[in-house]
>>> print(open('query.cif').read())   # mmCIF, C-alpha atoms
data_work
#
loop_
_atom_site.label_atom_id
_atom_site.label_comp_id
_atom_site.auth_asym_id
_atom_site.auth_seq_id
_atom_site.Cartn_x
_atom_site.Cartn_y
_atom_site.Cartn_z
CA MET A 1 0.00 0.00 0.00
CA PHE A 2 1.34 3.43 -0.92
CA LYS A 3 1.64 5.93 1.90
CA PRO A 4 0.13 9.37 1.38
CA ILE A 5 2.58 12.15 0.51
CA SER A 6 2.45 15.17 2.77
CA LEU A 7 2.23 18.26 0.58
CA ALA A 8 3.11 20.45 3.56
CA LEU A 9 6.38 18.55 3.97
CA VAL A 10 7.24 18.85 0.29
CA ALA A 11 6.51 22.59 0.32
CA ALA A 12 8.65 23.07 3.42
CA MET A 13 11.57 21.31 1.74
CA GLY A 14 11.25 23.65 -1.22
CA LEU A 15 11.20 26.78 0.92
CA ALA A 16 14.18 25.68 2.98
CA GLY A 17 16.35 25.37 -0.08
CA CYS A 18 15.45 28.36 -2.20
CA THR A 19 16.86 31.28 -0.24
CA THR A 20 18.97 33.46 -2.52
CA THR A 21 21.04 36.56 -1.92
CA ALA A 22 23.05 38.82 -4.25
CA ARG A 23 26.78 38.18 -4.22
CA THR A 24 27.63 41.77 -3.29
CA GLY A 25 25.10 44.20 -1.92
CA PRO A 26 24.71 47.96 -2.44
CA ILE A 27 26.79 50.33 -0.34
CA ASP A 28 25.28 52.72 2.19
CA VAL A 29 27.31 55.94 2.51
CA THR A 30 27.00 58.78 5.01
CA ARG A 31 29.24 61.87 5.05
CA TYR A 32 29.55 64.82 7.44
CA HIS A 33 31.35 68.12 6.85
CA LEU A 34 31.11 71.84 7.60
CA GLY A 35 30.16 72.89 4.09
CA GLN A 36 33.34 74.95 3.76
CA PRO A 37 35.75 74.85 0.80
CA MET A 38 38.44 72.22 1.25
CA GLU A 39 41.70 72.99 -0.47
CA ARG A 40 43.38 70.27 -2.50
CA THR A 41 46.60 69.87 -0.58
CA SER A 42 48.96 67.17 0.62
CA VAL A 43 47.68 64.36 2.83
CA SER A 44 49.21 61.66 5.00
CA PHE A 45 47.54 58.40 6.02
CA GLU A 46 47.34 56.72 9.39
CA PRO A 47 45.07 54.35 11.34
CA MET A 48 42.53 55.96 13.61
CA SER A 49 43.79 55.92 17.16
CA GLY A 50 43.26 52.48 18.70
CA ALA A 51 41.14 51.28 15.79
CA VAL A 52 43.46 49.12 13.72
CA GLN A 53 47.08 48.12 13.48
CA VAL A 54 49.26 48.77 10.47
CA ASN A 55 49.21 45.43 8.65
CA PRO A 56 48.76 44.24 5.04
CA GLU A 57 44.96 44.45 5.24
CA TYR A 58 45.09 48.00 6.61
CA GLN A 59 47.49 48.94 3.81
CA THR A 60 44.99 47.61 1.26
CA TYR A 61 42.32 49.98 2.57
CA ALA A 62 44.78 52.88 2.87
CA ASP A 63 45.84 52.36 -0.76
CA ALA A 64 42.19 52.39 -1.87
CA VAL A 65 41.56 55.66 -0.01
CA GLN A 66 44.75 57.17 -1.44
CA THR A 67 43.65 56.25 -4.97
CA GLU A 68 40.35 58.09 -4.52
CA LEU A 69 41.93 61.18 -2.91
CA GLU A 70 44.53 61.42 -5.67
CA ARG A 71 41.70 61.25 -8.21
CA LEU A 72 40.21 64.28 -6.42
CA GLY A 73 43.46 66.25 -6.63
CA TYR A 74 45.11 65.50 -3.28
CA VAL A 75 48.77 64.53 -3.15
CA ARG A 76 50.33 62.04 -0.76
CA ALA A 77 52.89 63.79 1.42
CA THR A 78 56.43 62.45 1.15
CA ASN A 79 56.92 63.40 4.78
CA GLY A 80 53.82 62.77 6.88
CA THR A 81 54.68 65.46 9.41
CA GLU A 82 54.47 68.13 6.70
CA SER A 83 51.10 67.24 5.17
CA GLY A 84 48.22 69.69 5.12
CA TYR A 85 45.67 67.02 6.03
CA ILE A 86 45.70 63.71 7.86
CA ALA A 87 43.45 60.92 6.62
CA GLY A 88 42.51 58.67 9.53
CA ILE A 89 41.36 55.23 8.33
CA SER A 90 39.43 52.46 10.06
CA PHE A 91 37.80 49.34 8.61
CA THR A 92 35.96 46.27 9.81
CA ARG A 93 34.90 42.97 8.30
CA THR A 94 32.38 40.99 10.35
CA SER A 95 30.59 37.70 9.83
CA LYS A 96 26.80 38.07 10.04
CA GLY A 97 25.78 34.43 9.72
CA PHE A 98 24.92 32.12 6.84
CA VAL A 99 22.44 31.89 3.97
CA LYS A 100 21.65 29.05 1.61
CA ASP A 101 21.88 29.45 -2.15
CA ARG A 102 19.03 28.52 -4.43
CA PRO A 103 19.60 24.84 -5.22
CA PRO A 104 20.78 24.09 -8.77
CA VAL A 105 18.40 21.12 -9.26
CA THR A 106 14.64 21.00 -8.70
CA ILE A 107 12.26 18.07 -8.95
CA GLY A 108 8.64 18.60 -9.94
CA LEU A 109 5.76 16.39 -8.86
CA GLY A 110 2.99 16.43 -11.45
CA GLY A 111 -0.74 16.69 -10.92
CA GLY A 112 -1.71 13.06 -11.53
CA SER A 113 -3.08 10.56 -9.01
CA PHE A 114 -2.50 6.94 -8.25
CA SER A 115 -4.01 4.26 -6.07
CA GLY A 116 -3.00 0.99 -4.53
CA GLY A 117 -4.33 -1.87 -2.45
CA GLY A 118 -6.00 -5.26 -2.97
CA ARG A 119 -9.31 -6.42 -4.41
CA ARG A 120 -11.20 -5.43 -1.26
CA GLY A 121 -10.33 -1.79 -1.55
CA GLY A 122 -7.47 0.62 -1.91
CA THR A 123 -5.92 3.83 -0.79
CA GLY A 124 -6.00 6.64 -3.32
CA VAL A 125 -3.52 9.52 -3.19
CA GLY A 126 -3.97 12.63 -5.29
CA VAL A 127 -1.36 15.38 -5.71
CA GLY A 128 -3.05 18.46 -7.06
CA GLY A 129 -1.11 20.95 -9.13
CA ASP A 130 2.69 21.06 -9.54
CA VAL A 131 5.02 20.96 -6.55
CA ALA A 132 8.76 21.45 -6.83
CA PHE A 133 11.51 21.19 -4.27
CA GLY A 134 15.25 21.66 -4.52
CA ILE A 135 18.17 19.34 -4.16
CA GLY A 136 21.54 20.76 -3.26
CA GLY A 137 22.53 24.39 -2.76
CA LYS A 138 25.52 25.71 -0.88
CA THR A 139 25.53 27.39 2.50
CA ARG A 140 27.52 30.62 2.33
CA GLU A 141 28.76 33.03 4.98
CA VAL A 142 27.55 36.64 4.93
CA PHE A 143 30.10 39.38 5.66
CA THR A 144 29.58 43.04 6.48
CA GLY A 145 32.38 45.41 5.50
CA GLU A 146 32.77 49.00 6.68
CA LEU A 147 35.21 51.78 5.86
CA TRP A 148 35.45 54.91 7.99
CA VAL A 149 37.63 57.86 6.99
CA GLN A 150 38.28 61.21 8.69
CA LEU A 151 40.09 64.15 7.12
CA ARG A 152 41.72 66.40 9.72
CA ARG A 153 43.74 69.58 9.45
CA ARG A 154 47.21 68.91 10.71
CA ALA A 155 47.57 72.46 12.02
CA ASN A 156 44.90 72.08 14.72
CA ASN A 157 43.77 68.43 14.36
CA SER A 158 40.20 69.56 13.60
CA VAL A 159 37.96 67.21 11.61
CA ILE A 160 36.78 68.87 8.40
CA TRP A 161 35.19 65.82 6.74
CA GLU A 162 34.31 62.27 7.68
CA GLY A 163 32.41 59.46 6.06
CA ARG A 164 31.36 55.86 6.52
CA ALA A 165 30.55 53.27 3.86
CA GLN A 166 29.05 49.85 4.59
CA THR A 167 28.10 46.87 2.47
CA GLN A 168 27.43 43.13 2.62
CA ALA A 169 28.78 40.25 0.56
CA VAL A 170 27.82 36.59 0.36
CA GLY A 171 30.72 34.12 0.29
CA ILE A 172 34.32 34.62 1.31
CA GLU A 173 35.32 34.93 -2.36
CA ASN A 174 33.18 38.10 -2.60
CA ALA A 175 34.51 39.64 0.62
CA GLN A 176 38.23 39.76 -0.15
CA PRO A 177 40.01 42.86 1.25
CA GLY A 178 41.18 44.24 -2.10
CA GLN A 179 37.79 44.00 -3.78
CA THR A 180 35.90 45.28 -0.73
CA ALA A 181 38.29 48.17 -0.06
CA ALA A 182 38.08 49.41 -3.66
CA ARG A 183 34.27 49.28 -3.72
CA LEU A 184 33.88 51.02 -0.35
CA ALA A 185 36.42 53.76 -1.09
CA SER A 186 34.92 54.48 -4.51
CA ALA A 187 31.44 54.82 -3.02
CA LEU A 188 32.66 56.86 -0.04
CA PHE A 189 34.26 59.55 -2.20
CA LYS A 190 31.57 59.59 -4.89
CA ASP A 191 30.56 63.22 -5.60
CA PHE A 192 32.96 64.36 -2.85
CA PRO A 193 32.36 65.94 -0.39
CA GLY A 194 28.73 64.84 -0.69
CA GLU A 195 25.67 66.16 1.11
CA SER A 196 26.35 66.36 4.82
CA GLY A 197 24.27 64.16 7.10
CA VAL A 198 22.48 62.35 4.26
CA THR A 199 22.78 58.61 3.68
CA ILE A 200 22.91 57.55 0.06
CA THR A 201 22.95 54.09 -1.50
CA VAL A 202 25.52 53.32 -4.19
CA LYS A 203 24.92 50.20 -6.27
#
>>> encode(input="query.cif", output="structure tokens")
Amino acid sequence: MFKPISLALVAAMGLAGCTTTARTGPIDVTRYHLGQPMERTSVSFEPMSGAVQVNPEYQTYADAVQTELERLGYVRATNGTESGYIAGISFTRTSKGFVKDRPPVTIGLGGGSFSGGGRRGGTGVGVGGDVAFGIGGKTREVFTGELWVQLRRRANNSVIWEGRAQTQAVGIENAQPGQTAARLASALFKDFPGESGVTITVK
């Protein structure tokens, strides 16, 4: 005798396996400044106090910030103590959990019916409509990346501009420091100095 198929169970299996997320998400950017003209002058780069240590990953983010500032007309100071501005840099990369990809294979159950049993009777099972559920699909880690930059006048250490950029990526291959740093820095300095106190989304 055939056992009835639970449609609720089949549907639950399908839902559990079909979660999908973009590989890299949009970037949220917020900037603050005084609305005053900012001269294009020399700039030196350093970690924000107590935020990060100077290591290869920090240097990757510092290089990305330098690339954007040079595009805007700033020049890296050959001697940091003589620069007009100081660019303080901080970054984080944090795991936010896991998601499951949409499975690559699905199986459909058609709308027919069948029955079984002996001459004295039988058990009929009908599956109405089409039901599909997935087989496979990878579980991937979700990472949040953030870049925070402050521009300060060396003469009095006053902050004249600061900004934060944050994004998410699915899978370690999409959250590599070089790729993430370039995307965050490009978004952070888009339309520099930007509208103060307003968060924009850069895709």
>>> atom_distance(input="query.cif", atom1="CA of Arg154 in chain A", atom2="CA of Ala185 in chain A")
22.0 Å
>>> residues_around(input="query.cif", residues="Thr199 in chain A", least_positions_apart="2", cutoff="10 Å", atoms="only C-alpha atoms", output="list in words")
Asp28, Val29, Thr30, Arg31, Tyr32, Gly163, Arg164, Ala165, Gly194, Glu195, Ser196, Gly197, Thr201 and Val202 of chain A
>>> write_last_selection(input="query.cif", atoms="C-alpha atoms", output="PDB file, in the coordinates of the input")
ATOM      1  CA  ASP A  28      25.280  52.720   2.190  1.00  0.00           C
ATOM      2  CA  VAL A  29      27.310  55.940   2.510  1.00  0.00           C
ATOM      3  CA  THR A  30      27.000  58.780   5.010  1.00  0.00           C
ATOM      4  CA  ARG A  31      29.240  61.870   5.050  1.00  0.00           C
ATOM      5  CA  TYR A  32      29.550  64.820   7.440  1.00  0.00           C
ATOM      6  CA  GLY A 163      32.410  59.460   6.060  1.00  0.00           C
ATOM      7  CA  ARG A 164      31.360  55.860   6.520  1.00  0.00           C
ATOM      8  CA  ALA A 165      30.550  53.270   3.860  1.00  0.00           C
ATOM      9  CA  GLY A 194      28.730  64.840  -0.690  1.00  0.00           C
ATOM     10  CA  GLU A 195      25.670  66.160   1.110  1.00  0.00           C
ATOM     11  CA  SER A 196      26.350  66.360   4.820  1.00  0.00           C
ATOM     12  CA  GLY A 197      24.270  64.160   7.100  1.00  0.00           C
ATOM     13  CA  THR A 201      22.950  54.090  -1.500  1.00  0.00           C
ATOM     14  CA  VAL A 202      25.520  53.320  -4.190  1.00  0.00           C
TER      15      VAL A 202
END
>>> resolve_selection(input="query.cif", expression="the PyMOL selection byres ((chain A and resi 166) around 10)", output="ChimeraX atom specification")
/A:25-30,91-93,144-148,164-165,167-168,180,183-184,187-188,201
>>> write_last_selection(input="query.cif", atoms="C-alpha atoms", output="tab-separated table (two decimals), in the frame of the given file")
chain	number	residue	atom	x	y	z
A	25	GLY	CA	25.10	44.20	-1.92
A	26	PRO	CA	24.71	47.96	-2.44
A	27	ILE	CA	26.79	50.33	-0.34
A	28	ASP	CA	25.28	52.72	2.19
A	29	VAL	CA	27.31	55.94	2.51
A	30	THR	CA	27.00	58.78	5.01
A	91	PHE	CA	37.80	49.34	8.61
A	92	THR	CA	35.96	46.27	9.81
A	93	ARG	CA	34.90	42.97	8.30
A	144	THR	CA	29.58	43.04	6.48
A	145	GLY	CA	32.38	45.41	5.50
A	146	GLU	CA	32.77	49.00	6.68
A	147	LEU	CA	35.21	51.78	5.86
A	148	TRP	CA	35.45	54.91	7.99
A	164	ARG	CA	31.36	55.86	6.52
A	165	ALA	CA	30.55	53.27	3.86
A	167	THR	CA	28.10	46.87	2.47
A	168	GLN	CA	27.43	43.13	2.62
A	180	THR	CA	35.90	45.28	-0.73
A	183	ARG	CA	34.27	49.28	-3.72
A	184	LEU	CA	33.88	51.02	-0.35
A	187	ALA	CA	31.44	54.82	-3.02
A	188	LEU	CA	32.66	56.86	-0.04
A	201	THR	CA	22.95	54.09	-1.50
>>> resolve_selection(input="query.cif", expression="the PyMOL selection byres ((chain A and resi 89) around 8)", output="PyMOL selection string")
chain A and resi 45-48+61-62+87-88+90-91+147-150
>>> atom_distance(input="query.cif", atom1="CA of Gly97 in chain A", atom2="CA of Ala182 in chain A")
23.6 Å
>>> closest_residue(input="query.cif", among="A:Pro56, A:Asn79, A:Val65, A:Thr24", to="Ser44 in chain A", atoms="only C-alpha atoms")
A:Asn79
>>> closest_residue(input="query.cif", among="A:Val159, A:Val142, A:Ile200, A:Ala181", to="Thr94 in chain A", atoms="only C-alpha atoms")
A:Val142
>>> atom_distance(input="query.cif", atom1="CA of Gly171 in chain A", atom2="CA of Phe98 in chain A")
9.0 Å
>>> resolve_selection(input="query.cif", expression="the PyMOL selection byres ((chain A and resi 66-77) around 8)", output="short mmCIF file (atom, residue, chain, number, x, y, z; two decimals) with C-alpha atoms, in the frame of the given file")
data_model
loop_
_atom_site.label_atom_id
_atom_site.label_comp_id
_atom_site.auth_asym_id
_atom_site.auth_seq_id
_atom_site.Cartn_x
_atom_site.Cartn_y
_atom_site.Cartn_z
CA ARG A 40 43.38 70.27 -2.50
CA THR A 41 46.60 69.87 -0.58
CA SER A 42 48.96 67.17 0.62
CA VAL A 43 47.68 64.36 2.83
CA SER A 44 49.21 61.66 5.00
CA ALA A 62 44.78 52.88 2.87
CA ASP A 63 45.84 52.36 -0.76
CA ALA A 64 42.19 52.39 -1.87
CA VAL A 65 41.56 55.66 -0.01
CA THR A 78 56.43 62.45 1.15
CA ASN A 79 56.92 63.40 4.78
CA GLY A 80 53.82 62.77 6.88
CA GLU A 82 54.47 68.13 6.70
CA SER A 83 51.10 67.24 5.17
CA ALA A 185 36.42 53.76 -1.09
CA SER A 186 34.92 54.48 -4.51
CA PHE A 189 34.26 59.55 -2.20
#
>>> closest_residue(input="query.cif", among="A:Glu141, A:Asp101, A:Lys203, A:Phe192", to="Ala175 in chain A", atoms="all atoms listed in the file")
A:Glu141
>>> closest_residue(input="query.cif", among="A:Lys138, A:Lys190, A:Asn157, A:Phe143", to="Asn174 in chain A", atoms="all atoms listed in the file")
A:Phe143
>>> closest_residue(input="query.cif", among="A:Leu151, A:Gln176, A:Val198, A:Pro193", to="Glu57 in chain A", atoms="only C-alpha atoms")
A:Gln176
>>> axis_aligned_box(input="query.cif", around="range 81-94 of chain A", padding_each_side="5 Å", output="AutoDock Vina command-line options")
--center_x 43.5 --center_y 55.3 --center_z 7.7 --size_x 32.3 --size_y 38.7 --size_z 15.2
